[in-house]
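*Asks:* See query27.pdb below, with PDB, C-alpha atoms and all ligand atoms.
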```
ATOM      1  CA  MET F   1      18.047   9.593 -50.122
ATOM      2  CA  THR F   2      14.464  10.301 -49.124
ATOM      3  CA  THR F   3      13.013  13.501 -50.475
ATOM      4  CA  THR F   4       9.695  15.205 -49.987
ATOM      5  CA  THR F   5       7.918  17.765 -52.183
ATOM      6  CA  LEU F   6       6.588  20.907 -50.544
ATOM      7  CA  SER F   7       3.290  22.537 -51.599
ATOM      8  CA  GLN F   8       5.239  25.171 -53.596
ATOM      9  CA  GLY F   9       6.697  22.419 -55.736
ATOM     10  CA  ARG F  10      10.190  22.581 -54.217
ATOM     11  CA  THR F  11      11.912  19.365 -53.261
ATOM     12  CA  VAL F  12      13.796  19.047 -49.999
ATOM     13  CA  ARG F  13      15.781  16.252 -48.453
ATOM     14  CA  LYS F  14      14.112  14.634 -45.494
ATOM     15  CA  ILE F  15      16.171  14.322 -42.357
ATOM     16  CA  GLN F  16      16.108  10.749 -41.132
ATOM     17  CA  PRO F  17      15.070  10.411 -37.513
ATOM     18  CA  LEU F  18      17.965   9.287 -35.340
ATOM     19  CA  GLN F  19      18.012   5.615 -34.549
ATOM     20  CA  GLY F  20      19.547   3.258 -32.040
ATOM     21  CA  GLN F  21      22.698   4.492 -30.346
ATOM     22  CA  ALA F  22      22.548   7.977 -31.915
ATOM     23  CA  ARG F  23      19.043   8.487 -30.609
ATOM     24  CA  PHE F  24      20.070   7.370 -27.137
ATOM     25  CA  GLU F  25      23.108   9.685 -27.160
ATOM     26  CA  ARG F  26      20.961  12.662 -28.165
ATOM     27  CA  ALA F  27      18.474  11.894 -25.388
ATOM     28  CA  MET F  28      21.286  11.641 -22.833
ATOM     29  CA  TRP F  29      22.877  14.871 -24.129
ATOM     30  CA  LEU F  30      19.581  16.676 -23.516
ATOM     31  CA  PHE F  31      19.063  14.891 -20.202
ATOM     32  CA  MET F  32      22.497  16.025 -18.903
ATOM     33  CA  ARG F  33      21.528  19.649 -19.559
ATOM     34  CA  TYR F  34      17.956  19.608 -18.225
ATOM     35  CA  SER F  35      18.719  17.423 -15.203
ATOM     36  CA  GLY F  36      21.680  19.712 -14.506
ATOM     37  CA  LEU F  37      19.437  22.771 -14.497
ATOM     38  CA  ALA F  38      16.959  21.045 -12.159
ATOM     39  CA  LEU F  39      19.804  19.928  -9.875
ATOM     40  CA  VAL F  40      20.992  23.515  -9.471
ATOM     41  CA  PHE F  41      17.845  24.144  -7.411
ATOM     42  CA  LEU F  42      17.482  20.700  -5.826
ATOM     43  CA  ALA F  43      21.115  20.021  -4.878
ATOM     44  CA  LEU F  44      22.096  23.562  -3.875
ATOM     45  CA  SER F  45      18.971  24.109  -1.750
ATOM     46  CA  HIS F  46      19.585  20.752  -0.045
ATOM     47  CA  PHE F  47      23.240  21.579   0.538
ATOM     48  CA  TRP F  48      22.605  25.037   1.925
ATOM     49  CA  VAL F  49      19.755  23.949   4.206
ATOM     50  CA  GLN F  50      21.770  21.087   5.719
ATOM     51  CA  HIS F  51      25.177  22.776   5.921
ATOM     52  CA  LEU F  52      24.405  26.471   6.465
ATOM     53  CA  LEU F  53      20.919  26.724   7.982
ATOM     54  CA  ILE F  54      21.099  23.618  10.183
ATOM     55  CA  GLY F  55      24.834  22.931  10.151
ATOM     56  CA  THR F  56      26.580  19.558  10.028
ATOM     57  CA  HIS F  57      27.372  19.657  13.733
ATOM     58  CA  ALA F  58      23.683  20.039  14.639
ATOM     59  CA  ILE F  59      22.432  17.136  12.487
ATOM     60  CA  THR F  60      21.312  14.129  14.533
ATOM     61  CA  THR F  61      19.416  10.934  13.773
ATOM     62  CA  ALA F  62      16.560  12.164  15.978
ATOM     63  CA  GLN F  63      16.214  15.251  13.831
ATOM     64  CA  THR F  64      16.351  13.188  10.612
ATOM     65  CA  VAL F  65      13.498  11.076  11.994
ATOM     66  CA  VAL F  66      11.396  14.213  12.532
ATOM     67  CA  PHE F  67      11.863  15.484   8.949
ATOM     68  CA  TRP F  68      11.615  12.105   7.296
ATOM     69  CA  GLY F  69       8.889  10.474   9.411
ATOM     70  CA  ALA F  70       9.331   7.304  11.454
ATOM     71  CA  GLN F  71       8.342   3.783  10.425
ATOM     72  CA  GLY F  72       4.996   2.857  11.987
ATOM     73  CA  GLN F  73       4.111   6.477  12.785
ATOM     74  CA  PRO F  74       1.442   8.510  10.930
ATOM     75  CA  ILE F  75       2.950  10.360   7.972
ATOM     76  CA  THR F  76       2.562  14.156   7.863
ATOM     77  CA  LEU F  77       2.377  16.321   4.746
ATOM     78  CA  GLY F  78       5.857  17.593   5.618
ATOM     79  CA  ASN F  79       7.214  14.023   5.577
ATOM     80  CA  VAL F  80       5.647  13.381   2.153
ATOM     81  CA  LEU F  81       7.150  16.568   0.708
ATOM     82  CA  PHE F  82      10.561  15.768   2.221
ATOM     83  CA  ARG F  83      10.548  12.237   0.794
ATOM     84  CA  SER F  84       9.359  13.306  -2.671
ATOM     85  CA  TYR F  85      11.983  16.058  -2.888
ATOM     86  CA  TYR F  86      14.724  13.584  -1.975
ATOM     87  CA  ALA F  87      13.417  10.839  -4.289
ATOM     88  CA  VAL F  88      13.371  13.196  -7.306
ATOM     89  CA  MET F  89      16.824  14.541  -6.476
ATOM     90  CA  LEU F  90      18.198  11.027  -5.974
ATOM     91  CA  VAL F  91      16.987   9.729  -9.345
ATOM     92  CA  LEU F  92      18.121  12.810 -11.302
ATOM     93  CA  ALA F  93      21.542  12.952  -9.616
ATOM     94  CA  VAL F  94      22.218   9.224  -9.952
ATOM     95  CA  VAL F  95      21.302   9.057 -13.664
ATOM     96  CA  HIS F  96      23.200  12.318 -14.364
ATOM     97  CA  GLY F  97      26.199  10.979 -12.435
ATOM     98  CA  ILE F  98      26.227   7.540 -14.097
ATOM     99  CA  ASN F  99      25.996   9.077 -17.558
ATOM    100  CA  GLY F 100      28.784  11.495 -16.635
ATOM    101  CA  VAL F 101      30.976   8.592 -15.535
ATOM    102  CA  ARG F 102      30.106   6.801 -18.787
ATOM    103  CA  GLN F 103      31.294   9.784 -20.840
ATOM    104  CA  VAL F 104      34.553   9.958 -18.918
ATOM    105  CA  ALA F 105      35.058   6.173 -19.120
ATOM    106  CA  TYR F 106      34.420   6.271 -22.870
ATOM    107  CA  ASP F 107      36.996   9.049 -23.343
ATOM    108  CA  TYR F 108      39.752   7.135 -21.558
ATOM    109  CA  PHE F 109      38.830   3.483 -22.147
ATOM    110  CA  GLY F 110      36.629   3.627 -25.269
ATOM    111  CA  HIS F 111      39.418   2.051 -27.331
ATOM    112  CA  ARG F 112      39.493  -0.913 -24.904
ATOM    113  CA  PRO F 113      35.911  -2.266 -25.026
ATOM    114  CA  ALA F 114      36.545  -4.985 -22.444
ATOM    115  CA  ILE F 115      37.741  -2.493 -19.835
ATOM    116  CA  TYR F 116      35.042   0.046 -20.737
ATOM    117  CA  LYS F 117      32.218  -2.484 -20.517
ATOM    118  CA  GLY F 118      33.584  -4.108 -17.369
ATOM    119  CA  LEU F 119      33.952  -0.767 -15.651
ATOM    120  CA  MET F 120      30.473   0.419 -16.618
ATOM    121  CA  THR F 121      28.865  -2.876 -15.558
ATOM    122  CA  LEU F 122      30.479  -2.471 -12.152
ATOM    123  CA  VAL F 123      29.447   1.189 -11.851
ATOM    124  CA  VAL F 124      25.843   0.523 -12.892
ATOM    125  CA  ALA F 125      25.580  -2.496 -10.571
ATOM    126  CA  ILE F 126      26.840  -0.574  -7.533
ATOM    127  CA  ALA F 127      24.714   2.476  -8.368
ATOM    128  CA  THR F 128      21.582   0.327  -8.790
ATOM    129  CA  VAL F 129      21.974  -1.384  -5.423
ATOM    130  CA  ILE F 130      22.702   1.886  -3.588
ATOM    131  CA  SER F 131      19.895   3.857  -5.268
ATOM    132  CA  LEU F 132      17.244   1.178  -4.851
ATOM    133  CA  GLY F 133      18.305   0.985  -1.199
ATOM    134  CA  GLY F 134      17.943   4.743  -0.933
ATOM    135  CA  LEU F 135      14.511   4.794  -2.575
ATOM    136  CA  LEU F 136      13.311   1.906  -0.409
ATOM    137  CA  ALA F 137      14.553   3.797   2.657
ATOM    138  CA  LEU F 138      12.524   6.834   1.557
ATOM    139  CA  VAL F 139       9.415   4.675   1.124
ATOM    140  CA  LEU F 140       9.812   2.899   4.474
ATOM    141  CA  GLY F 141      10.713   5.945   6.564
ATOM    142  CA  ALA F 142      13.375   6.337   9.226
ATOM    143  CA  GLN F 143      13.712   4.022  12.211
ATOM    144  CA  ALA F 144      13.499   5.477  15.658
ATOM    145  CA  SER F 145      15.707   3.122  17.668
ATOM    146  CA  SER F 146      15.731   2.989  21.469
ATOM    147  CA  GLU F 147      18.769   5.308  21.551
ATOM    148  CA  VAL F 148      17.027   7.736  19.235
ATOM    149  CA  ALA F 149      14.002   9.236  20.922
ATOM    150  CA  ILE F 150      11.203  10.658  18.801
ATOM    151  CA  ARG F 151      10.299  14.179  19.807
TER     152      ARG F 151
ATOM    153  CA  MET H   1      46.037   1.484 -19.361
ATOM    154  CA  LEU H   2      46.271   4.731 -17.400
ATOM    155  CA  ARG H   3      48.126   6.614 -20.157
ATOM    156  CA  PRO H   4      45.057   8.394 -21.609
ATOM    157  CA  LEU H   5      44.230   9.601 -18.098
ATOM    158  CA  ILE H   6      47.719  10.943 -17.481
ATOM    159  CA  VAL H   7      47.943  12.565 -20.921
ATOM    160  CA  SER H   8      44.555  14.248 -20.539
ATOM    161  CA  PHE H   9      45.463  15.595 -17.118
ATOM    162  CA  ARG H  10      48.895  16.860 -18.235
ATOM    163  CA  GLU H  11      47.558  18.463 -21.411
ATOM    164  CA  GLY H  12      44.597  19.922 -19.558
ATOM    165  CA  VAL H  13      46.888  21.707 -17.159
ATOM    166  CA  ALA H  14      49.681  22.529 -19.603
ATOM    167  CA  TYR H  15      47.507  23.997 -22.308
ATOM    168  CA  ARG H  16      46.437  27.048 -20.369
ATOM    169  CA  ALA H  17      43.382  28.028 -22.329
ATOM    170  CA  LYS H  18      40.728  29.057 -19.805
ATOM    171  CA  GLY H  19      38.066  26.782 -21.264
ATOM    172  CA  ASN H  20      40.343  23.792 -21.048
ATOM    173  CA  LEU H  21      41.080  24.235 -17.364
ATOM    174  CA  LEU H  22      37.366  24.756 -16.714
ATOM    175  CA  TRP H  23      36.626  21.564 -18.650
ATOM    176  CA  LEU H  24      39.120  19.650 -16.491
ATOM    177  CA  LEU H  25      37.702  21.106 -13.279
ATOM    178  CA  HIS H  26      34.147  20.329 -14.422
ATOM    179  CA  ARG H  27      35.203  16.720 -14.982
ATOM    180  CA  ILE H  28      37.061  16.380 -11.675
ATOM    181  CA  SER H  29      34.232  18.030  -9.719
ATOM    182  CA  GLY H  30      31.611  15.790 -11.392
ATOM    183  CA  LEU H  31      33.576  12.644 -10.546
ATOM    184  CA  GLY H  32      34.258  13.829  -7.011
ATOM    185  CA  ILE H  33      30.554  14.473  -6.405
ATOM    186  CA  VAL H  34      29.558  11.052  -7.817
ATOM    187  CA  VAL H  35      31.889   9.216  -5.449
ATOM    188  CA  PHE H  36      30.653  11.268  -2.500
ATOM    189  CA  LEU H  37      27.018  10.726  -3.567
ATOM    190  CA  GLY H  38      27.434   6.929  -3.451
ATOM    191  CA  PHE H  39      28.611   7.012   0.164
ATOM    192  CA  HIS H  40      26.066   9.693   1.051
ATOM    193  CA  ILE H  41      22.994   7.793  -0.224
ATOM    194  CA  PHE H  42      24.245   4.619   1.470
ATOM    195  CA  GLY H  43      24.829   6.446   4.755
ATOM    196  CA  MET H  44      21.453   8.188   4.777
ATOM    197  CA  SER H  45      19.594   4.948   3.900
ATOM    198  CA  MET H  46      20.883   3.600   7.197
ATOM    199  CA  ALA H  47      18.357   5.879   8.948
ATOM    200  CA  ALA H  48      15.788   3.365   7.692
ATOM    201  CA  PHE H  49      17.789   0.127   7.956
ATOM    202  CA  ASN H  50      20.316   0.601  10.754
ATOM    203  CA  PRO H  51      19.832   3.711  12.912
ATOM    204  CA  ALA H  52      22.895   2.962  15.050
ATOM    205  CA  LEU H  53      25.118   3.004  11.960
ATOM    206  CA  HIS H  54      23.398   6.198  10.751
ATOM    207  CA  GLU H  55      24.159   7.830  14.091
ATOM    208  CA  ARG H  56      27.814   6.683  13.855
ATOM    209  CA  ALA H  57      28.108   8.140  10.334
ATOM    210  CA  LEU H  58      26.759  11.492  11.523
ATOM    211  CA  GLU H  59      29.283  11.515  14.383
ATOM    212  CA  LEU H  60      32.079  10.844  11.887
ATOM    213  CA  TYR H  61      31.056  13.906   9.838
ATOM    214  CA  LYS H  62      31.628  16.034  12.938
ATOM    215  CA  THR H  63      35.392  15.363  12.988
ATOM    216  CA  PRO H  64      38.069  17.745  11.587
ATOM    217  CA  PRO H  65      39.055  15.670   8.491
ATOM    218  CA  PHE H  66      35.403  15.538   7.391
ATOM    219  CA  ALA H  67      34.929  19.234   8.173
ATOM    220  CA  ILE H  68      37.734  19.962   5.703
ATOM    221  CA  GLY H  69      36.303  17.533   3.130
ATOM    222  CA  GLU H  70      32.960  19.316   3.543
ATOM    223  CA  LEU H  71      34.583  22.622   2.493
ATOM    224  CA  LEU H  72      36.072  20.983  -0.595
ATOM    225  CA  LEU H  73      32.711  19.411  -1.457
ATOM    226  CA  ALA H  74      30.988  22.792  -1.160
ATOM    227  CA  PHE H  75      33.410  24.348  -3.646
ATOM    228  CA  LEU H  76      33.165  21.406  -6.095
ATOM    229  CA  LEU H  77      29.355  21.382  -5.996
ATOM    230  CA  ILE H  78      28.955  25.148  -6.429
ATOM    231  CA  PHE H  79      31.540  25.287  -9.219
ATOM    232  CA  HIS H  80      29.986  22.298 -11.050
ATOM    233  CA  ALA H  81      26.490  23.754 -10.688
ATOM    234  CA  VAL H  82      27.385  27.245 -11.970
ATOM    235  CA  ASN H  83      29.721  26.063 -14.724
ATOM    236  CA  GLY H  84      27.210  23.368 -15.730
ATOM    237  CA  THR H  85      24.497  26.029 -15.953
ATOM    238  CA  ARG H  86      26.761  28.039 -18.286
ATOM    239  CA  ILE H  87      27.332  24.962 -20.476
ATOM    240  CA  ALA H  88      23.624  24.081 -20.544
ATOM    241  CA  ILE H  89      22.434  27.606 -21.394
ATOM    242  CA  LEU H  90      25.058  28.244 -24.082
ATOM    243  CA  GLU H  91      24.559  24.858 -25.757
ATOM    244  CA  LEU H  92      20.776  25.008 -25.667
ATOM    245  CA  ARG H  93      20.826  28.629 -26.985
ATOM    246  CA  PRO H  94      23.606  28.742 -29.638
ATOM    247  CA  GLN H  95      22.761  32.350 -30.554
ATOM    248  CA  LEU H  96      24.438  33.271 -27.242
ATOM    249  CA  TRP H  97      27.802  31.867 -28.346
ATOM    250  CA  GLU H  98      29.016  35.369 -29.247
ATOM    251  CA  LYS H  99      28.895  36.110 -25.513
ATOM    252  CA  GLN H 100      31.095  33.148 -24.481
ATOM    253  CA  GLU H 101      33.812  35.304 -22.899
ATOM    254  CA  LEU H 102      31.284  37.185 -20.826
ATOM    255  CA  ALA H 103      29.536  33.949 -19.810
ATOM    256  CA  THR H 104      32.813  32.422 -18.617
ATOM    257  CA  ARG H 105      33.742  35.513 -16.638
ATOM    258  CA  LEU H 106      30.243  35.722 -15.130
ATOM    259  CA  SER H 107      30.225  32.074 -14.088
ATOM    260  CA  LEU H 108      33.603  32.461 -12.370
ATOM    261  CA  ILE H 109      32.377  35.574 -10.549
ATOM    262  CA  ILE H 110      29.129  33.867  -9.481
ATOM    263  CA  THR H 111      31.070  30.800  -8.296
ATOM    264  CA  ALA H 112      33.315  33.037  -6.181
ATOM    265  CA  LEU H 113      30.382  35.045  -4.800
ATOM    266  CA  LEU H 114      28.506  31.891  -3.768
ATOM    267  CA  THR H 115      31.528  29.934  -2.539
ATOM    268  CA  ALA H 116      33.090  32.603  -0.298
ATOM    269  CA  PRO H 117      30.189  33.105   2.153
ATOM    270  CA  THR H 118      29.361  29.361   2.085
ATOM    271  CA  LEU H 119      32.899  28.377   3.076
ATOM    272  CA  ALA H 120      33.090  31.187   5.629
ATOM    273  CA  ILE H 121      29.868  30.157   7.399
ATOM    274  CA  MET H 122      30.769  26.442   7.323
ATOM    275  CA  ALA H 123      34.289  27.097   8.628
ATOM    276  CA  TYR H 124      32.891  29.358  11.351
ATOM    277  CA  LYS H 125      30.384  26.672  12.441
ATOM    278  CA  SER H 126      33.031  23.949  12.469
ATOM    279  CA  ILE H 127      35.638  25.977  14.330
ATOM    280  CA  SER H 128      33.190  27.110  17.010
ATOM    281  CA  HIS H 129      32.030  23.483  17.382
ATOM    282  CA  PHE H 130      35.578  22.175  17.818
ATOM    283  CA  LEU H 131      36.473  24.955  20.282
ATOM    284  CA  ALA H 132      33.402  24.172  22.391
ATOM    285  CA  HIS H 133      34.025  20.382  22.473
TER     286      HIS H 133
HETATM  287  C1  LIG F 201      24.113  21.047  -9.508
HETATM  288  C2  LIG F 201      23.761  21.141 -10.758
HETATM  289  C3  LIG F 201      24.480  20.438 -11.895
HETATM  290  C4  LIG F 201      24.607  20.951 -13.142
HETATM  291  C5  LIG F 201      24.082  22.300 -13.641
HETATM  292  C6  LIG F 201      25.339  19.988 -13.942
HETATM  293  C7  LIG F 201      25.609  20.122 -15.291
HETATM  294  C8  LIG F 201      26.401  19.292 -16.027
HETATM  295  C9  LIG F 201      26.665  19.422 -17.426
HETATM  296  C10 LIG F 201      26.069  20.480 -18.350
HETATM  297  C11 LIG F 201      27.550  18.443 -17.767
HETATM  298  C12 LIG F 201      28.181  18.230 -19.136
HETATM  299  C13 LIG F 201      27.551  17.103 -19.871
HETATM  300  C14 LIG F 201      28.222  16.880 -21.217
HETATM  301  O1  LIG F 201      29.366  17.282 -21.407
HETATM  302  O2  LIG F 201      27.555  16.269 -22.042
HETATM  303  C15 LIG F 201      27.842  17.679 -16.578
HETATM  304  C16 LIG F 201      28.696  16.618 -16.522
HETATM  305  C17 LIG F 201      28.860  15.808 -15.405
HETATM  306  N1  LIG F 201      28.194  15.923 -14.203
HETATM  307 FE1  LIG F 201      26.951  17.414 -13.690
HETATM  308  N2  LIG F 201      25.654  18.902 -13.162
HETATM  309  C18 LIG F 201      25.143  19.121 -11.894
HETATM  310  C19 LIG F 201      25.205  18.260 -10.819
HETATM  311  C20 LIG F 201      25.894  17.069 -10.819
HETATM  312  C21 LIG F 201      25.877  16.101  -9.735
HETATM  313  C22 LIG F 201      25.044  16.219  -8.438
HETATM  314  C23 LIG F 201      26.729  15.096 -10.101
HETATM  315  C24 LIG F 201      27.070  13.830  -9.339
HETATM  316  C25 LIG F 201      26.204  12.908  -9.113
HETATM  317  C26 LIG F 201      27.281  15.411 -11.405
HETATM  318  C27 LIG F 201      28.185  14.632 -12.105
HETATM  319  C28 LIG F 201      28.622  14.899 -13.384
HETATM  320  C29 LIG F 201      29.622  14.113 -14.088
HETATM  321  C30 LIG F 201      30.366  12.890 -13.536
HETATM  322  C31 LIG F 201      29.766  14.702 -15.363
HETATM  323  C32 LIG F 201      30.691  14.234 -16.491
HETATM  324  C33 LIG F 201      31.916  15.105 -16.602
HETATM  325  C34 LIG F 201      32.590  14.988 -17.933
HETATM  326  O3  LIG F 201      32.006  14.454 -18.901
HETATM  327  O4  LIG F 201      33.713  15.479 -18.014
HETATM  328  N3  LIG F 201      26.753  16.613 -11.811
HETATM  329  N4  LIG F 201      27.121  18.216 -15.518
END
```
Here is a file; write its structure as structure tokens.
*Replies:*
Amino acid sequence: MTTTTLSQGRTVRKIQPLQGQARFERAMWLFMRYSGLALVFLALSHFWVQHLLIGTHAITTAQTVVFWGAQGQPITLGNVLFRSYYAVMLVLAVVHGINGVRQVAYDYFGHRPAIYKGLMTLVVAIATVISLGGLLALVLGAQASSEVAIR
Amino acid sequence: MLRPLIVSFREGVAYRAKGNLLWLLHRISGLGIVVFLGFHIFGMSMAAFNPALHERALELYKTPPFAIGELLLAFLLIFHAVNGTRIAILELRPQLWEKQELATRLSLIITALLTAPTLAIMAYKSISHFLAH
């Protein structure tokens, strides 16, 4: 046991810093809570703007192109803000979601390491492809096809 | 292989402690949102890679089955957000644990207050869209 002596002459036990898996679990525990709090604002504002203010039935590709900015067109400040907001939300939600799935998978399949690891490999692989695709899409900008006129 | 899943669901529902049901609903809502999120990010990326497919996806969302799914998603997201906020605040500030009962009641009330107008407006928009088309 490591001890340390304080200036008053009293001896106290030193708490060992967490290492390896325990350190990772603590970081993820904190991340779930802080990312959750950030997502309250990001996800709910996104949801309410798209579903209440605009409304699902009024959303069109042409309108998405306006908000997002079209490939090959000059980018406006609005486009930059829109893309940054979505990129931050995407990363936080995907990591929060994957870690949530990991906790659930561990609860039900933790005693079967082969199933647990197989499942998580699959989940992480799919999530990586989809999220990198999403981030690349945000970097490139939307495509205004011939059917979709830019206003 | 599925036994732990079945047991957890049965016990979660059978053991009627409020916290336990909330735990189960938090889990189900989290998983529901993750699955939706996968399809959602993929679909929206198509605005950059395949605008025709993006347009088709948007048209699909404007059909009755998706309008109903949208209502369910709204409830799951609002519940998960409010309940998750309760969990985060209580666990990051343990001195508030004495107020657990109040926190649970408050989060249920806030969920109801946010969900009701959201569902009402969404349902109104969908119904008037379907009546007009
Ligand atoms: C909107 C704000 C959100 C808040 C405040 C929030 C908060 C939380 C908290 C505090 C936990 C518990 C973590 C733990 O037990 O260690 C959790 C779990 C989870 N969250 Fe969220 N979250 C939010 C959004 C999301 C989103 C957008 C997703 C989907 C991508 C998601 C998916 C999950 C999953 C799958 C779990 C694991 C459930 C379980 O372990 O039973 N959450 N969330």
*Asks:* Grab the atom C14 of ligand LIG 201 (chain F) to CA of Val88 in chain F distance for me, in Å with one decimal place.
*Replies:*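 Between these atoms lies a distance of 20.7 Å.
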*Asks:* When you get a sec, could you note down which chain F residues fall within 7 Å of chain H, using only C-alpha atoms, as a PDB file with C-alpha atoms, in the frame of the given file?
*Replies:*
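Contents of result-v2.pdb, freshly written:
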```
ATOM      1  CA  ARG F  33      21.528  19.649 -19.559  1.00  0.00           C
ATOM      2  CA  GLY F  36      21.680  19.712 -14.506  1.00  0.00           C
ATOM      3  CA  LEU F  37      19.437  22.771 -14.497  1.00  0.00           C
ATOM      4  CA  VAL F  40      20.992  23.515  -9.471  1.00  0.00           C
ATOM      5  CA  HIS F  51      25.177  22.776   5.921  1.00  0.00           C
ATOM      6  CA  LEU F  52      24.405  26.471   6.465  1.00  0.00           C
ATOM      7  CA  THR F  56      26.580  19.558  10.028  1.00  0.00           C
ATOM      8  CA  HIS F  57      27.372  19.657  13.733  1.00  0.00           C
ATOM      9  CA  THR F  60      21.312  14.129  14.533  1.00  0.00           C
ATOM     10  CA  THR F  61      19.416  10.934  13.773  1.00  0.00           C
ATOM     11  CA  GLY F  97      26.199  10.979 -12.435  1.00  0.00           C
ATOM     12  CA  VAL F 101      30.976   8.592 -15.535  1.00  0.00           C
ATOM     13  CA  TYR F 108      39.752   7.135 -21.558  1.00  0.00           C
ATOM     14  CA  ILE F 130      22.702   1.886  -3.588  1.00  0.00           C
ATOM     15  CA  GLY F 133      18.305   0.985  -1.199  1.00  0.00           C
ATOM     16  CA  GLY F 134      17.943   4.743  -0.933  1.00  0.00           C
ATOM     17  CA  ALA F 137      14.553   3.797   2.657  1.00  0.00           C
ATOM     18  CA  LEU F 140       9.812   2.899   4.474  1.00  0.00           C
ATOM     19  CA  GLY F 141      10.713   5.945   6.564  1.00  0.00           C
ATOM     20  CA  ALA F 142      13.375   6.337   9.226  1.00  0.00           C
ATOM     21  CA  GLN F 143      13.712   4.022  12.211  1.00  0.00           C
ATOM     22  CA  SER F 145      15.707   3.122  17.668  1.00  0.00           C
TER      23      SER F 145
END
```
*Asks:* Could you state the separation of atom C19 of ligand LIG 201 (chain F) and CA of His96 in chain F in Å, given to one decimal place?
*Replies:*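 Interatomic distance, atom C19 of ligand LIG 201 (chain F) to CA of His96 in chain F: 7.2 Å.
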*Asks:* Within 8 Å of ligand LIG 201 (chain F), which residues of chain F show up? Give each one with its shortest atom-to-atom distance in Å (one decimal) and the two atoms involved, counting only C-alpha atoms and all ligand atoms, rows by chain then rising residue number, as JSON lines.
*Replies:*
```
{"residue": "F:Met28", "atom": "CA", "partner": "F:LIG201", "partner_atom": "O2", "distance": 7.8}
{"residue": "F:Trp29", "atom": "CA", "partner": "F:LIG201", "partner_atom": "O2", "distance": 5.3}
{"residue": "F:Met32", "atom": "CA", "partner": "F:LIG201", "partner_atom": "C13", "distance": 5.3}
{"residue": "F:Arg33", "atom": "CA", "partner": "F:LIG201", "partner_atom": "C10", "distance": 4.8}
{"residue": "F:Ser35", "atom": "CA", "partner": "F:LIG201", "partner_atom": "C4", "distance": 7.2}
{"residue": "F:Gly36", "atom": "CA", "partner": "F:LIG201", "partner_atom": "C4", "distance": 3.5}
{"residue": "F:Leu37", "atom": "CA", "partner": "F:LIG201", "partner_atom": "C5", "distance": 4.7}
{"residue": "F:Ala38", "atom": "CA", "partner": "F:LIG201", "partner_atom": "C2", "distance": 6.9}
{"residue": "F:Leu39", "atom": "CA", "partner": "F:LIG201", "partner_atom": "C2", "distance": 4.2}
{"residue": "F:Val40", "atom": "CA", "partner": "F:LIG201", "partner_atom": "C2", "distance": 3.9}
{"residue": "F:Phe41", "atom": "CA", "partner": "F:LIG201", "partner_atom": "C1", "distance": 7.3}
{"residue": "F:Leu42", "atom": "CA", "partner": "F:LIG201", "partner_atom": "C1", "distance": 7.6}
{"residue": "F:Ala43", "atom": "CA", "partner": "F:LIG201", "partner_atom": "C1", "distance": 5.6}
{"residue": "F:Leu44", "atom": "CA", "partner": "F:LIG201", "partner_atom": "C1", "distance": 6.5}
{"residue": "F:Ala93", "atom": "CA", "partner": "F:LIG201", "partner_atom": "C25", "distance": 4.7}
{"residue": "F:Val94", "atom": "CA", "partner": "F:LIG201", "partner_atom": "C25", "distance": 5.5}
{"residue": "F:Val95", "atom": "CA", "partner": "F:LIG201", "partner_atom": "C25", "distance": 7.7}
{"residue": "F:His96", "atom": "CA", "partner": "F:LIG201", "partner_atom": "C26", "distance": 5.9}
{"residue": "F:Gly97", "atom": "CA", "partner": "F:LIG201", "partner_atom": "C25", "distance": 3.8}
{"residue": "F:Ile98", "atom": "CA", "partner": "F:LIG201", "partner_atom": "C30", "distance": 6.8}
{"residue": "F:Asn99", "atom": "CA", "partner": "F:LIG201", "partner_atom": "C32", "distance": 7.1}
{"residue": "F:Gly100", "atom": "CA", "partner": "F:LIG201", "partner_atom": "C32", "distance": 3.3}
{"residue": "F:Val101", "atom": "CA", "partner": "F:LIG201", "partner_atom": "C30", "distance": 4.8}
{"residue": "F:Arg102", "atom": "CA", "partner": "F:LIG201", "partner_atom": "C32", "distance": 7.8}
{"residue": "F:Gln103", "atom": "CA", "partner": "F:LIG201", "partner_atom": "O3", "distance": 5.1}
{"residue": "F:Val104", "atom": "CA", "partner": "F:LIG201", "partner_atom": "O3", "distance": 5.2}
```
*Asks:* What does the distance from CA of Asn83 in chain H to CA of Leu108 in chain H come to in Å, to one decimal?
*Replies:*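 Straight-line distance from CA of Asn83 in chain H to CA of Leu108 in chain H works out to 7.8 Å.
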*Asks:* Mind checking which residues fall within 9 Å of Leu24 in chain H, counting all atoms listed in the file, ignoring those fewer than 4 positions away in the same chain, and posting them as a list in words?
*Replies:*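 Those residues are Ser8, Phe9, Gly12, Val13, Gly19, Asn20, Ile28 and Ser29 of chain H.
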*Asks:* For Pro17 in chain F, work out the shell of residues within 12 Å, counting only C-alpha atoms and skipping chain neighbours fewer than 5 positions away, then give it as JSON, numbers by chain.
*Replies:* {"F": [2, 22, 23, 24, 26]}
*Asks:* Can you spit out the residues from that selection as a tab-separated table (two decimals), in the frame of the given file, using C-alpha atoms?
*Replies:*
```
chain	number	residue	atom	x	y	z
F	2	THR	CA	14.46	10.30	-49.12
F	22	ALA	CA	22.55	7.98	-31.92
F	23	ARG	CA	19.04	8.49	-30.61
F	24	PHE	CA	20.07	7.37	-27.14
F	26	ARG	CA	20.96	12.66	-28.16
```
*Asks:* Considering all atoms listed in the file, state which residue in the set H:Leu96, H:Leu71, H:Ala112, H:Ala103 is at the smallest distance from Tyr124 in chain H.
*Replies:*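 Of the candidates, the smallest distance to Tyr124 in chain H is held by H:Leu71.
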*Asks:* For this file, the PyMOL selection byres (((chain F and resi 69) around 12) and not hetatm) selects which residues, as an MDAnalysis selection string?
*Replies:* (chainID F and resid 61:68 70:83 137:144 150:151) or (chainID H and resid 47:48)
*Asks:* Adding 3 Å on each side of the box along x, y and z that holds all listed atoms of range 123-138 of chain F, could you give its centre and edge lengths in Å to one decimal, as JSON?
*Replies:*
```
{"center_x": 21.0, "center_y": 2.2, "center_z": -5.1, "size_x": 22.9, "size_y": 15.3, "size_z": 21.5}
```
